[in-house]
Amino acid sequence: MQSLALSVDLLTQGLKRSIAGLMNLANPANQDPQSQVFFVNFNQDCSSLAVGSRTGYKIFSLNAIDHLEIIFENDIEDVCIIERLFNSSLIAAVSASSPRKLKVCHFRKGTEICNYSYSNTILAVKLNRARLVVCLEESLYIHNIKDMKVLHTIRDTPPNLNGLCTLSINSENCFLAYPGSNTIGEVQIFDAVNLQAKIMIPAHDSPLAALTFNPSGTRVATASERGTVIRVFNVQDGAKVFEFRRGVKRCVSICSLAFSSDGMFLCSSSNTETVHIFRLEDPKDTPQQAPDEAQTWMGYLTKAVSASANYLPSQVTEVFSQGRSFTSVHLPFQGLKNVCAVTTIQKVLRLLVASADGYLYVYNLDTQDGGECTLYKQHRLDGKADEVDCATVSTAAGGSSSSGAAGDGSTPTPTQNTVCINSYAGALRGRSPDTMSESEKYHEMISATESPPKGSGTFRLDDDTEFPPVTLRTD
């Protein structure tokens, strides 16, 4: 019987991994295949949303919630991964037709800064102001974002079919987290500045399904493939500081974990219709159980379990000692890949959920009393008119991109195929990459990584809040 149960469990895990991999290409029956969404993701500070589809990519501003403004739109090729560096003009993109090639571009000018090819399919790309990380199935490449040099390669990682990894957005606590095992939920924390492994955290009994750092990079939140418990650990010593119970259902696939900008809330979305939001409070700051809650059957049961803690199995007492969600949302869909975020827009804290069905859902969040969140706005992400408001489009010049070939698998080291960098908007379009000077490359990288973007030819290298200045290479 034990061997049969083990076989069933392994089969279930295998099916879950297969389903999770396919969810990135959600294809509802009522969705237009030509506008199919491959990828949705918020940038590091949730000031914009990037959407990749068969017809290209779009970047939306999230400075207002009554309407979505399209910052930039590109309809040249299909895009399955698109990541923007904060509020700058720098993006990293991967095409579904060339899944081994990464392109780094200045999207406002329509120029391609560089592209790299790898020996296998790119599963994820993460970036902050210091590093850019490319995740393959069994390796991770850490680039210096100043000049895109490969600083370090983490080889022979446990098979990571879903490209699960996360990079702290804080450049001072610049940590990378990825699965340390594909059989249990170990989290490997890697120092991406000093380029050395920091700590291995035994987070769950089951393989990992989701990871995220808080904004300061001091804590990491984790969820396993079971999807019932979410834990938060200190990065420095691996100590568990919070434990939340999302639910009791089995085979729930966590899609997304995200901290609020102040680190006080943690949201979790899955393939079910429910999004949970947890409040991170120290036990001494947690209010006593409300009188009406104490009168419920759950209140009585919790009291009974607490009084009998010394006589019950630890598995039973753990369930009742775990924190519950502070508030929740019931989405109008389920079974689709989605990403969630808790962020302040127009001085109000909001819950955002972007889904592979091509919609962004905006919810009001009551930070005082919690309870069920209410839907405030729903926006289309395919560029078509909303049911209420129309998205405004900011016209931007298109540009040509280089056509370097993808890696052929002969070497695990990425090859820098082309460097095409423009120091003045539109001035170098159409020129051969080999004719670019080092000065032109230098200025274009600075221009792309300004946050927020400045006017053409204006650079502030003495502002600590900006992207750190690029050192001019002499080789």
# chains A, B, ... in the order shown; residues from 1 in each chain; ligands from 1
call {"tool": "select_by_dssp", "arguments": {"residues": "segment 18-146 of chain A", "states": "strand (DSSP E)", "output": "ChimeraX atom specification"}}
result
/A:37-42,48-53,56-61,69-74,81-84,90-94,101-106,111-117,124-127,131-135,139-144
call {"tool": "atom_distance", "arguments": {"atom1": "atom CA of Ile59 of chain A", "atom2": "atom CA of Ile71 of chain A"}}
result
5.5 Å
call {"tool": "closest_residue", "arguments": {"among": "A:Leu195, A:Cys255, A:Ile189, A:Ile230", "to": "Gly217 of chain A", "atoms": "only C-alpha atoms"}}
result
A:Ile189
call {"tool": "residues_around", "arguments": {"residues": "Ile154 of chain A", "least_positions_apart": "4", "cutoff": "10 Å", "atoms": "only C-alpha atoms", "output": "list in words"}}
result
Cys135, Glu138, Ser139, Leu140, Tyr141, Ile142, Phe190, Leu195, Gln196 and Ala197 of chain A
call {"tool": "closest_residue", "arguments": {"among": "A:Ala203, A:Leu266, A:Leu85, A:Leu49", "to": "Arg324 of chain A", "atoms": "only C-alpha atoms"}}
result
A:Leu266
call {"tool": "closest_residue", "arguments": {"among": "A:Asn194, A:Thr449, A:Ser98, A:Thr121", "to": "Phe86 of chain A", "atoms": "only C-alpha atoms"}}
result
A:Thr449
call {"tool": "residues_around", "arguments": {"residues": "His106 of chain A", "least_positions_apart": "6", "cutoff": "7 Å", "atoms": "only C-alpha atoms", "output": "PDB file with C-alpha atoms, in the first residue's frame"}}
result
ATOM      1  CA  SER A  89      13.817  52.539 -20.594  1.00  0.00           C
ATOM      2  CA  LEU A  90      15.764  49.286 -20.208  1.00  0.00           C
ATOM      3  CA  ILE A  91      13.903  46.056 -20.925  1.00  0.00           C
ATOM      4  CA  GLU A 112      18.693  47.000 -29.190  1.00  0.00           C
ATOM      5  CA  ILE A 113      21.612  47.348 -26.778  1.00  0.00           C
ATOM      6  CA  ALA A 448      18.466  53.235 -21.107  1.00  0.00           C
TER       7      ALA A 448
END
call {"tool": "residues_around", "arguments": {"residues": "Val150 of chain A", "least_positions_apart": "4", "cutoff": "12 Å", "atoms": "only C-alpha atoms", "output": "compact mmCIF listing (two decimals) with N, CA, C and O atoms, in the first residue's frame"}}
result
# COMPACT_ATOMS: atom_id res chain seq x y z
N TYR A 116 22.18 38.08 -26.11
CA TYR A 116 22.99 36.92 -25.75
C TYR A 116 22.22 35.64 -26.08
O TYR A 116 20.99 35.60 -25.91
N TYR A 118 22.00 31.40 -25.34
CA TYR A 118 22.33 30.41 -24.32
C TYR A 118 22.13 29.01 -24.88
O TYR A 118 21.54 28.82 -25.94
N ARG A 131 22.33 43.74 -11.03
CA ARG A 131 22.49 42.44 -11.68
C ARG A 131 21.32 42.11 -12.60
O ARG A 131 20.20 42.58 -12.41
N LEU A 132 21.62 41.29 -13.60
CA LEU A 132 20.61 40.66 -14.44
C LEU A 132 20.86 39.16 -14.40
O LEU A 132 21.98 38.72 -14.64
N VAL A 133 19.84 38.38 -14.06
CA VAL A 133 19.98 36.93 -13.90
C VAL A 133 19.13 36.23 -14.95
O VAL A 133 17.95 36.56 -15.14
N VAL A 134 19.72 35.28 -15.63
CA VAL A 134 19.03 34.46 -16.61
C VAL A 134 18.96 33.04 -16.08
O VAL A 134 19.99 32.45 -15.71
N LEU A 140 22.14 28.99 -13.88
CA LEU A 140 21.79 30.40 -13.73
C LEU A 140 22.99 31.25 -14.13
O LEU A 140 24.12 30.96 -13.72
N TYR A 141 22.76 32.29 -14.92
CA TYR A 141 23.83 33.19 -15.35
C TYR A 141 23.60 34.55 -14.71
O TYR A 141 22.51 35.12 -14.80
N ILE A 142 24.64 35.05 -14.05
CA ILE A 142 24.56 36.34 -13.38
C ILE A 142 25.38 37.36 -14.17
O ILE A 142 26.60 37.22 -14.30
N HIS A 143 24.70 38.38 -14.71
CA HIS A 143 25.35 39.42 -15.49
C HIS A 143 25.50 40.69 -14.67
O HIS A 143 24.65 41.00 -13.82
N ASN A 144 26.57 41.43 -14.93
CA ASN A 144 26.70 42.79 -14.42
C ASN A 144 25.88 43.70 -15.33
O ASN A 144 26.19 43.84 -16.51
N ILE A 145 24.85 44.31 -14.78
CA ILE A 145 23.93 45.04 -15.66
C ILE A 145 24.57 46.30 -16.23
O ILE A 145 24.06 46.88 -17.19
N LYS A 146 25.69 46.74 -15.69
CA LYS A 146 26.36 47.93 -16.23
C LYS A 146 26.89 47.69 -17.64
O LYS A 146 26.77 48.54 -18.51
N ILE A 154 26.10 29.67 -12.19
CA ILE A 154 25.76 28.61 -11.24
C ILE A 154 25.32 27.41 -12.07
O ILE A 154 24.25 27.41 -12.67
N ALA A 192 24.47 37.74 -4.79
CA ALA A 192 24.75 38.07 -6.18
C ALA A 192 25.77 39.19 -6.34
O ALA A 192 26.18 39.49 -7.47
N LEU A 195 29.06 37.00 -5.09
CA LEU A 195 29.08 35.81 -5.94
C LEU A 195 29.44 34.55 -5.16
O LEU A 195 30.36 33.81 -5.52
N THR A 413 28.19 28.35 -22.18
CA THR A 413 28.52 29.75 -21.96
C THR A 413 27.79 30.61 -22.98
O THR A 413 27.88 30.35 -24.18
N PRO A 414 27.07 31.67 -22.56
CA PRO A 414 26.36 32.52 -23.51
C PRO A 414 27.34 33.25 -24.39
O PRO A 414 28.43 33.63 -23.97
N THR A 415 26.94 33.46 -25.63
CA THR A 415 27.77 34.16 -26.60
C THR A 415 27.15 35.51 -26.89
O THR A 415 25.98 35.59 -27.23
N GLN A 416 27.90 36.58 -26.75
CA GLN A 416 27.38 37.90 -27.07
C GLN A 416 27.41 38.06 -28.57
O GLN A 416 28.45 38.22 -29.19
call {"tool": "residues_around", "arguments": {"residues": "Ser256 of chain A", "least_positions_apart": "6", "cutoff": "8 Å", "atoms": "only C-alpha atoms", "output": "tab-separated table (two decimals) with N, CA and C atoms, in the first residue's frame"}}
result
chain	number	residue	atom	x	y	z
A	210	ALA	N	6.73	28.74	-5.35
A	210	ALA	CA	6.80	30.20	-5.48
A	210	ALA	C	7.81	30.76	-4.49
A	211	LEU	N	8.45	31.85	-4.88
A	211	LEU	CA	9.46	32.53	-4.07
A	211	LEU	C	9.37	34.03	-4.30
A	267	CYS	N	0.76	38.97	-0.45
A	267	CYS	CA	-0.38	38.40	-1.18
A	267	CYS	C	0.04	37.14	-1.91
A	268	SER	N	-0.95	36.27	-2.10
A	268	SER	CA	-0.71	34.97	-2.72
A	268	SER	C	-1.86	34.65	-3.66
A	269	SER	N	-1.54	34.33	-4.91
A	269	SER	CA	-2.56	33.90	-5.87
A	269	SER	C	-2.21	32.51	-6.37
A	270	SER	N	-3.23	31.80	-6.82
A	270	SER	CA	-3.04	30.40	-7.25
A	270	SER	C	-3.91	30.11	-8.46
A	338	ASN	N	-1.48	33.82	-13.28
A	338	ASN	CA	-1.67	35.23	-12.96
A	338	ASN	C	-0.57	35.69	-12.02
A	339	VAL	N	-0.40	37.00	-11.92
A	339	VAL	CA	0.54	37.59	-10.97
A	339	VAL	C	-0.21	38.63	-10.15
A	340	CYS	N	0.15	38.72	-8.87
A	340	CYS	CA	-0.54	39.66	-7.99
A	340	CYS	C	0.47	40.64	-7.41
call {"tool": "closest_residue", "arguments": {"among": "A:Leu365, A:Leu336, A:Ile122, A:Val79", "to": "His276 of chain A", "atoms": "only C-alpha atoms"}}
result
A:Leu365
call {"tool": "closest_residue", "arguments": {"among": "A:Arg54, A:Arg246, A:His67, A:Arg129", "to": "Leu167 of chain A", "atoms": "only C-alpha atoms"}}
result
A:Arg129
